[in-house]
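Visitor: Data: my_file-v4.cif, mmCIF, C-alpha atoms and all ligand atoms.
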```cif
data_data
loop_
_atom_site.group_PDB
_atom_site.id
_atom_site.type_symbol
_atom_site.label_atom_id
_atom_site.label_comp_id
_atom_site.auth_asym_id
_atom_site.auth_seq_id
_atom_site.Cartn_x
_atom_site.Cartn_y
_atom_site.Cartn_z
ATOM 1 C CA MET E 128 4.411 -36.107 23.318
ATOM 2 C CA SER E 129 4.848 -39.878 23.073
ATOM 3 C CA ASP E 130 6.639 -39.861 19.699
ATOM 4 C CA CYS E 131 9.007 -36.960 20.467
ATOM 5 C CA VAL E 132 12.654 -38.017 20.513
ATOM 6 C CA PHE E 133 13.702 -35.250 22.913
ATOM 7 C CA CYS E 134 10.850 -36.069 25.335
ATOM 8 C CA LYS E 135 12.225 -39.614 25.294
ATOM 9 C CA ILE E 136 15.741 -38.341 26.030
ATOM 10 C CA ALA E 137 14.328 -36.166 28.847
ATOM 11 C CA LYS E 138 12.643 -39.238 30.372
ATOM 12 C CA GLY E 139 15.758 -41.392 29.940
ATOM 13 C CA GLU E 140 13.889 -43.702 27.554
ATOM 14 C CA ILE E 141 16.572 -43.334 24.898
ATOM 15 C CA PRO E 142 20.245 -42.758 25.630
ATOM 16 C CA SER E 143 22.072 -39.470 25.273
ATOM 17 C CA ASP E 144 25.547 -38.220 26.026
ATOM 18 C CA LYS E 145 24.416 -36.102 28.947
ATOM 19 C CA VAL E 146 26.376 -33.037 30.039
ATOM 20 C CA TYR E 147 23.941 -31.555 32.577
ATOM 21 C CA GLU E 148 20.587 -32.411 34.096
ATOM 22 C CA ASP E 149 18.289 -31.077 36.793
ATOM 23 C CA ASP E 150 14.564 -31.318 37.449
ATOM 24 C CA LYS E 151 13.643 -28.871 34.643
ATOM 25 C CA ILE E 152 16.240 -29.158 31.879
ATOM 26 C CA ILE E 153 18.759 -31.481 30.309
ATOM 27 C CA ALA E 154 21.803 -30.801 28.137
ATOM 28 C CA PHE E 155 23.384 -33.454 25.934
ATOM 29 C CA LYS E 156 25.856 -33.675 23.081
ATOM 30 C CA ASP E 157 24.473 -33.334 19.557
ATOM 31 C CA LEU E 158 24.656 -36.613 17.609
ATOM 32 C CA ASN E 159 25.955 -34.778 14.561
ATOM 33 C CA PRO E 160 28.276 -32.075 15.940
ATOM 34 C CA MET E 161 28.994 -28.965 13.851
ATOM 35 C CA ALA E 162 31.935 -27.939 16.039
ATOM 36 C CA PRO E 163 34.201 -29.437 18.726
ATOM 37 C CA VAL E 164 31.580 -28.430 21.308
ATOM 38 C CA HIS E 165 27.962 -28.865 20.231
ATOM 39 C CA ILE E 166 25.508 -29.328 23.067
ATOM 40 C CA LEU E 167 21.712 -29.173 23.009
ATOM 41 C CA PHE E 168 19.782 -27.663 25.924
ATOM 42 C CA ILE E 169 16.140 -28.655 26.237
ATOM 43 C CA PRO E 170 13.326 -28.106 28.705
ATOM 44 C CA LYS E 171 12.048 -31.456 30.014
ATOM 45 C CA GLU E 172 8.541 -30.166 29.400
ATOM 46 C CA HIS E 173 7.499 -30.481 25.745
ATOM 47 C CA ILE E 174 7.468 -27.071 24.041
ATOM 48 C CA ALA E 175 7.531 -27.372 20.231
ATOM 49 C CA ASN E 176 9.705 -24.348 19.471
ATOM 50 C CA ALA E 177 10.326 -20.678 20.274
ATOM 51 C CA SER E 178 6.895 -19.735 18.904
ATOM 52 C CA GLU E 179 5.348 -21.613 21.830
ATOM 53 C CA ILE E 180 7.150 -19.731 24.580
ATOM 54 C CA THR E 181 4.585 -17.976 26.784
ATOM 55 C CA ALA E 182 4.435 -16.112 30.089
ATOM 56 C CA GLU E 183 3.380 -19.431 31.670
ATOM 57 C CA ASN E 184 6.358 -21.509 30.488
ATOM 58 C CA SER E 185 9.134 -18.945 30.003
ATOM 59 C CA SER E 186 10.839 -19.416 33.381
ATOM 60 C CA VAL E 187 12.449 -22.602 32.054
ATOM 61 C CA ILE E 188 13.962 -20.602 29.196
ATOM 62 C CA ALA E 189 15.558 -18.217 31.682
ATOM 63 C CA HIS E 190 16.865 -21.244 33.544
ATOM 64 C CA ILE E 191 18.418 -22.621 30.342
ATOM 65 C CA PHE E 192 20.122 -19.279 29.707
ATOM 66 C CA GLU E 193 21.411 -19.184 33.290
ATOM 67 C CA THR E 194 22.887 -22.663 32.813
ATOM 68 C CA ILE E 195 24.474 -22.170 29.384
ATOM 69 C CA PRO E 196 27.347 -19.931 30.627
ATOM 70 C CA LYS E 197 28.217 -22.440 33.368
ATOM 71 C CA ILE E 198 28.424 -25.321 30.883
ATOM 72 C CA ALA E 199 30.280 -23.137 28.348
ATOM 73 C CA LYS E 200 32.879 -22.412 31.038
ATOM 74 C CA GLU E 201 33.143 -26.099 31.963
ATOM 75 C CA GLN E 202 33.650 -26.910 28.291
ATOM 76 C CA GLY E 203 36.468 -24.358 28.054
ATOM 77 C CA LEU E 204 34.672 -21.988 25.700
ATOM 78 C CA ASP E 205 36.522 -18.977 27.097
ATOM 79 C CA SER E 206 36.976 -17.337 23.695
ATOM 80 C CA GLY E 207 33.282 -17.324 22.849
ATOM 81 C CA TYR E 208 30.402 -19.438 21.692
ATOM 82 C CA ARG E 209 27.123 -19.247 19.815
ATOM 83 C CA VAL E 210 23.599 -20.149 20.964
ATOM 84 C CA ILE E 211 21.047 -20.914 18.256
ATOM 85 C CA THR E 212 17.458 -22.045 18.116
ATOM 86 C CA ASN E 213 15.782 -22.965 14.840
ATOM 87 C CA CYS E 214 12.074 -22.188 14.843
ATOM 88 C CA GLY E 215 10.022 -23.906 12.155
ATOM 89 C CA GLU E 216 10.791 -25.915 9.042
ATOM 90 C CA GLU E 217 12.046 -23.030 6.928
ATOM 91 C CA ALA E 218 14.571 -22.204 9.641
ATOM 92 C CA GLY E 219 15.850 -25.777 9.520
ATOM 93 C CA GLN E 220 14.134 -27.113 12.622
ATOM 94 C CA THR E 221 14.114 -30.905 12.377
ATOM 95 C CA VAL E 222 13.218 -31.881 15.945
ATOM 96 C CA PHE E 223 10.035 -30.200 17.126
ATOM 97 C CA HIS E 224 10.921 -30.006 20.799
ATOM 98 C CA LEU E 225 12.455 -26.650 21.740
ATOM 99 C CA HIS E 226 16.236 -26.824 21.933
ATOM 100 C CA PHE E 227 19.128 -24.403 22.048
ATOM 101 C CA HIS E 228 22.350 -25.357 20.288
ATOM 102 C CA LEU E 229 25.508 -24.335 22.170
ATOM 103 C CA ILE E 230 28.281 -24.316 19.584
ATOM 104 C CA GLY E 231 31.946 -23.479 20.056
ATOM 105 C CA GLY E 232 35.531 -24.645 20.136
ATOM 106 C CA ARG E 233 36.396 -23.311 16.692
ATOM 107 C CA CYS E 234 36.299 -19.963 14.959
ATOM 108 C CA LEU E 235 32.691 -19.507 13.851
ATOM 109 C CA SER E 236 31.759 -17.758 10.642
ATOM 110 C CA THR E 237 30.499 -14.187 10.921
ATOM 111 C CA GLN E 238 27.547 -15.287 8.794
ATOM 112 C CA MET E 239 24.543 -16.209 10.912
ATOM 113 C CA ALA E 240 23.537 -19.064 8.619
HETATM 114 P P1 LIG L 301 17.384 -28.650 14.600
HETATM 115 O O1 LIG L 301 17.768 -28.853 13.166
HETATM 116 O O2 LIG L 301 17.640 -27.275 15.112
HETATM 117 O O3 LIG L 301 15.968 -29.135 14.879
HETATM 118 O O4 LIG L 301 18.380 -29.547 15.431
HETATM 119 C C1 LIG L 301 18.143 -30.871 15.763
HETATM 120 C C2 LIG L 301 19.465 -31.404 16.232
HETATM 121 O O5 LIG L 301 19.227 -32.563 16.991
HETATM 122 C C3 LIG L 301 20.410 -31.802 15.085
HETATM 123 O O6 LIG L 301 21.632 -31.069 15.217
HETATM 124 C C4 LIG L 301 20.618 -33.309 15.304
HETATM 125 O O7 LIG L 301 21.930 -33.708 15.027
HETATM 126 C C5 LIG L 301 20.272 -33.469 16.774
HETATM 127 N N1 LIG L 301 19.750 -34.770 17.180
HETATM 128 C C6 LIG L 301 18.708 -35.451 16.625
HETATM 129 N N2 LIG L 301 18.494 -36.582 17.318
HETATM 130 C C7 LIG L 301 19.393 -36.605 18.336
HETATM 131 C C8 LIG L 301 19.674 -37.504 19.401
HETATM 132 N N3 LIG L 301 18.962 -38.643 19.565
HETATM 133 N N4 LIG L 301 20.690 -37.213 20.242
HETATM 134 C C9 LIG L 301 21.410 -36.084 20.077
HETATM 135 N N5 LIG L 301 21.193 -35.187 19.106
HETATM 136 C C10 LIG L 301 20.198 -35.446 18.248
HETATM 137 ZN ZN ZN L 302 9.092 -33.374 23.212
#
```
Could you rewrite the structure in this file as structure tokens?
Ligand code: AMP
Ligand code: ZN
Guide:
Amino acid sequence: MSDCVFCKIAKGEIPSDKVYEDDKIIAFKDLNPMAPVHILFIPKEHIANASEITAENSSVIAHIFETIPKIAKEQGLDSGYRVITNCGEEAGQTVFHLHFHLIGGRCLSTQMA
């Protein structure tokens, strides 16, 4: 996707405050953090959102969820954290490249939204 901002971050074409990277995924700090720790995890491959996860591409999602606890620990989120993905406009998705928000470092509301 040539006009996708997260594809550009994945390719290093635009800068990001990178926290983790390997051949399949990248994690970087959110530009507009909602909490002291707010990191986005994305597959390097373009997947628009959770509705586009299939048996063919889901191994990268497992890989993201294997990596999140390691980064949460590195970031000192020992008391807990939240992982969110917004799927579609009505859910508040603004960037249509699948991403998981890792949020923590403050007491989070018990409300989900
Ligand atoms: P969502 O509303 O779930 O689609 O989340 C998109 C998130 O991407 C928002 O929290 C934005 O602050 C964040 N964001 C957008 N552009 C960038 C960027 N270039 N670098 C880091 N975070 C970004
Ligand atoms: Zn993309």
Visitor: Collect all residues with atoms no farther than 9 Å from ligand LIG 301 (chain L), counting all atoms listed in the file, and output them as a VMD selection string.
Guide: chain E and resid 132 to 133 135 to 136 141 to 144 155 to 161 165 to 167 211 to 216 218 to 228
Visitor: So which residues touch Pro196 (chain E) within 12 Å, counting only C-alpha atoms, skipping near sequence neighbours fewer than 2 positions away, as an mmCIF file with C-alpha atoms, keeping the file's coordinate frame?
Guide:
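Heads up, here's the output in part-v3.cif:
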```
data_model
loop_
_atom_site.group_PDB
_atom_site.id
_atom_site.type_symbol
_atom_site.label_atom_id
_atom_site.label_comp_id
_atom_site.auth_asym_id
_atom_site.auth_seq_id
_atom_site.Cartn_x
_atom_site.Cartn_y
_atom_site.Cartn_z
ATOM 1 C CA PHE E 168 19.782 -27.663 25.924
ATOM 2 C CA ALA E 189 15.558 -18.217 31.682
ATOM 3 C CA HIS E 190 16.865 -21.244 33.544
ATOM 4 C CA ILE E 191 18.418 -22.621 30.342
ATOM 5 C CA PHE E 192 20.122 -19.279 29.707
ATOM 6 C CA GLU E 193 21.411 -19.184 33.290
ATOM 7 C CA THR E 194 22.887 -22.663 32.813
ATOM 8 C CA ILE E 198 28.424 -25.321 30.883
ATOM 9 C CA ALA E 199 30.280 -23.137 28.348
ATOM 10 C CA LYS E 200 32.879 -22.412 31.038
ATOM 11 C CA GLU E 201 33.143 -26.099 31.963
ATOM 12 C CA GLN E 202 33.650 -26.910 28.291
ATOM 13 C CA GLY E 203 36.468 -24.358 28.054
ATOM 14 C CA LEU E 204 34.672 -21.988 25.700
ATOM 15 C CA ASP E 205 36.522 -18.977 27.097
ATOM 16 C CA GLY E 207 33.282 -17.324 22.849
ATOM 17 C CA TYR E 208 30.402 -19.438 21.692
ATOM 18 C CA ARG E 209 27.123 -19.247 19.815
ATOM 19 C CA VAL E 210 23.599 -20.149 20.964
ATOM 20 C CA LEU E 229 25.508 -24.335 22.170
ATOM 21 C CA ILE E 230 28.281 -24.316 19.584
#
```
Visitor: For ligand ZN 302 (chain L), which residue out of E:Ala162, E:Met239, E:Ala175, E:Cys234 is the nearest one, using all atoms listed in the file?
Guide: E:Ala175
Visitor: Using only C-alpha atoms and all ligand atoms, pick whichever of E:Glu183, E:Glu172, E:Glu217, E:Asp149 has the shortest atom-to-atom distance to ligand ZN 302 (chain L).
Guide: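 Among the listed residues, E:Glu172 lies closest to ligand ZN 302 (chain L).
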Visitor: Any idea what the distance is between CA of Arg233 (chain E) and CA of Ala154 (chain E)?
Guide: 20.0 Å
Visitor: Quick one, how far is atom ZN of ligand ZN 302 (chain L) from CA of Ala182 (chain E)?
Guide: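 CA of Ala182 (chain E) lies 19.2 Å from atom ZN of ligand ZN 302 (chain L).
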Visitor: To one decimal in Å, tell me the separation between CA of Lys171 (chain E) and CA of Lys138 (chain E).
Guide: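 CA of Lys138 (chain E) lies 7.8 Å from CA of Lys171 (chain E).
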Visitor: Of the candidates E:Ser129, E:Ser206, E:Gln238, E:Ser186, which shows the shortest atom-to-atom distance to ligand ZN 302 (chain L), using all atoms listed in the file?
Guide: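 Of all the options, E:Ser129 lies closest to ligand ZN 302 (chain L).
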Visitor: Report the residues retrieved by the PyMOL selection byres (((chain E and resi 152) around 6) and not hetatm) from the displayed file, expressed as an NGL selection string.
Guide: :E and (148-149 or 151 or 153 or 169-171)
Visitor: Go through E:Ala177, E:Leu235, E:Val146, E:Cys134 and flag the residue nearest ligand ZN 302 (chain L), using only C-alpha atoms and all ligand atoms for the distances.
Guide: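 Closest to ligand ZN 302 (chain L), using only C-alpha atoms and all ligand atoms: E:Cys134.
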Visitor: Taking N, CA and C atoms as the atom set, what does region 139-152 of chain E look like once completed, written as a PDB file, keeping the file's coordinate frame?
Guide:
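selection-v5.pdb, written as the output of this step:
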```pdb
ATOM      1  N   GLY E 139      14.758 -40.317  29.838  1.00  0.00           N
ATOM      2  CA  GLY E 139      15.758 -41.392  29.940  1.00  0.00           C
ATOM      3  C   GLY E 139      15.349 -42.642  29.185  1.00  0.00           C
ATOM      4  N   GLU E 140      14.366 -42.521  28.296  1.00  0.00           N
ATOM      5  CA  GLU E 140      13.889 -43.702  27.554  1.00  0.00           C
ATOM      6  C   GLU E 140      14.799 -44.052  26.379  1.00  0.00           C
ATOM      7  N   ILE E 141      15.520 -43.038  25.869  1.00  0.00           N
ATOM      8  CA  ILE E 141      16.572 -43.334  24.898  1.00  0.00           C
ATOM      9  C   ILE E 141      17.854 -42.651  25.379  1.00  0.00           C
ATOM     10  N   PRO E 142      19.001 -43.267  25.067  1.00  0.00           N
ATOM     11  CA  PRO E 142      20.245 -42.758  25.630  1.00  0.00           C
ATOM     12  C   PRO E 142      20.687 -41.435  25.015  1.00  0.00           C
ATOM     13  N   SER E 143      21.457 -40.696  25.787  1.00  0.00           N
ATOM     14  CA  SER E 143      22.072 -39.470  25.273  1.00  0.00           C
ATOM     15  C   SER E 143      23.395 -39.295  26.008  1.00  0.00           C
ATOM     16  N   ASP E 144      24.252 -38.515  25.401  1.00  0.00           N
ATOM     17  CA  ASP E 144      25.547 -38.220  26.026  1.00  0.00           C
ATOM     18  C   ASP E 144      25.353 -36.956  26.867  1.00  0.00           C
ATOM     19  N   LYS E 145      24.885 -37.188  28.084  1.00  0.00           N
ATOM     20  CA  LYS E 145      24.416 -36.102  28.947  1.00  0.00           C
ATOM     21  C   LYS E 145      25.570 -35.264  29.513  1.00  0.00           C
ATOM     22  N   VAL E 146      25.377 -33.956  29.509  1.00  0.00           N
ATOM     23  CA  VAL E 146      26.376 -33.037  30.039  1.00  0.00           C
ATOM     24  C   VAL E 146      25.867 -32.386  31.325  1.00  0.00           C
ATOM     25  N   TYR E 147      24.545 -32.214  31.415  1.00  0.00           N
ATOM     26  CA  TYR E 147      23.941 -31.555  32.577  1.00  0.00           C
ATOM     27  C   TYR E 147      22.484 -31.993  32.677  1.00  0.00           C
ATOM     28  N   GLU E 148      22.013 -32.131  33.905  1.00  0.00           N
ATOM     29  CA  GLU E 148      20.587 -32.411  34.096  1.00  0.00           C
ATOM     30  C   GLU E 148      20.147 -31.907  35.454  1.00  0.00           C
ATOM     31  N   ASP E 149      18.937 -31.346  35.507  1.00  0.00           N
ATOM     32  CA  ASP E 149      18.289 -31.077  36.793  1.00  0.00           C
ATOM     33  C   ASP E 149      16.808 -31.386  36.623  1.00  0.00           C
ATOM     34  N   ASP E 150      15.979 -30.923  37.535  1.00  0.00           N
ATOM     35  CA  ASP E 150      14.564 -31.318  37.449  1.00  0.00           C
ATOM     36  C   ASP E 150      13.836 -30.680  36.264  1.00  0.00           C
ATOM     37  N   LYS E 151      14.365 -29.592  35.712  1.00  0.00           N
ATOM     38  CA  LYS E 151      13.643 -28.871  34.643  1.00  0.00           C
ATOM     39  C   LYS E 151      14.254 -28.979  33.252  1.00  0.00           C
ATOM     40  N   ILE E 152      15.570 -29.181  33.188  1.00  0.00           N
ATOM     41  CA  ILE E 152      16.240 -29.158  31.879  1.00  0.00           C
ATOM     42  C   ILE E 152      17.279 -30.269  31.773  1.00  0.00           C
TER      43      ILE E 152
END
```
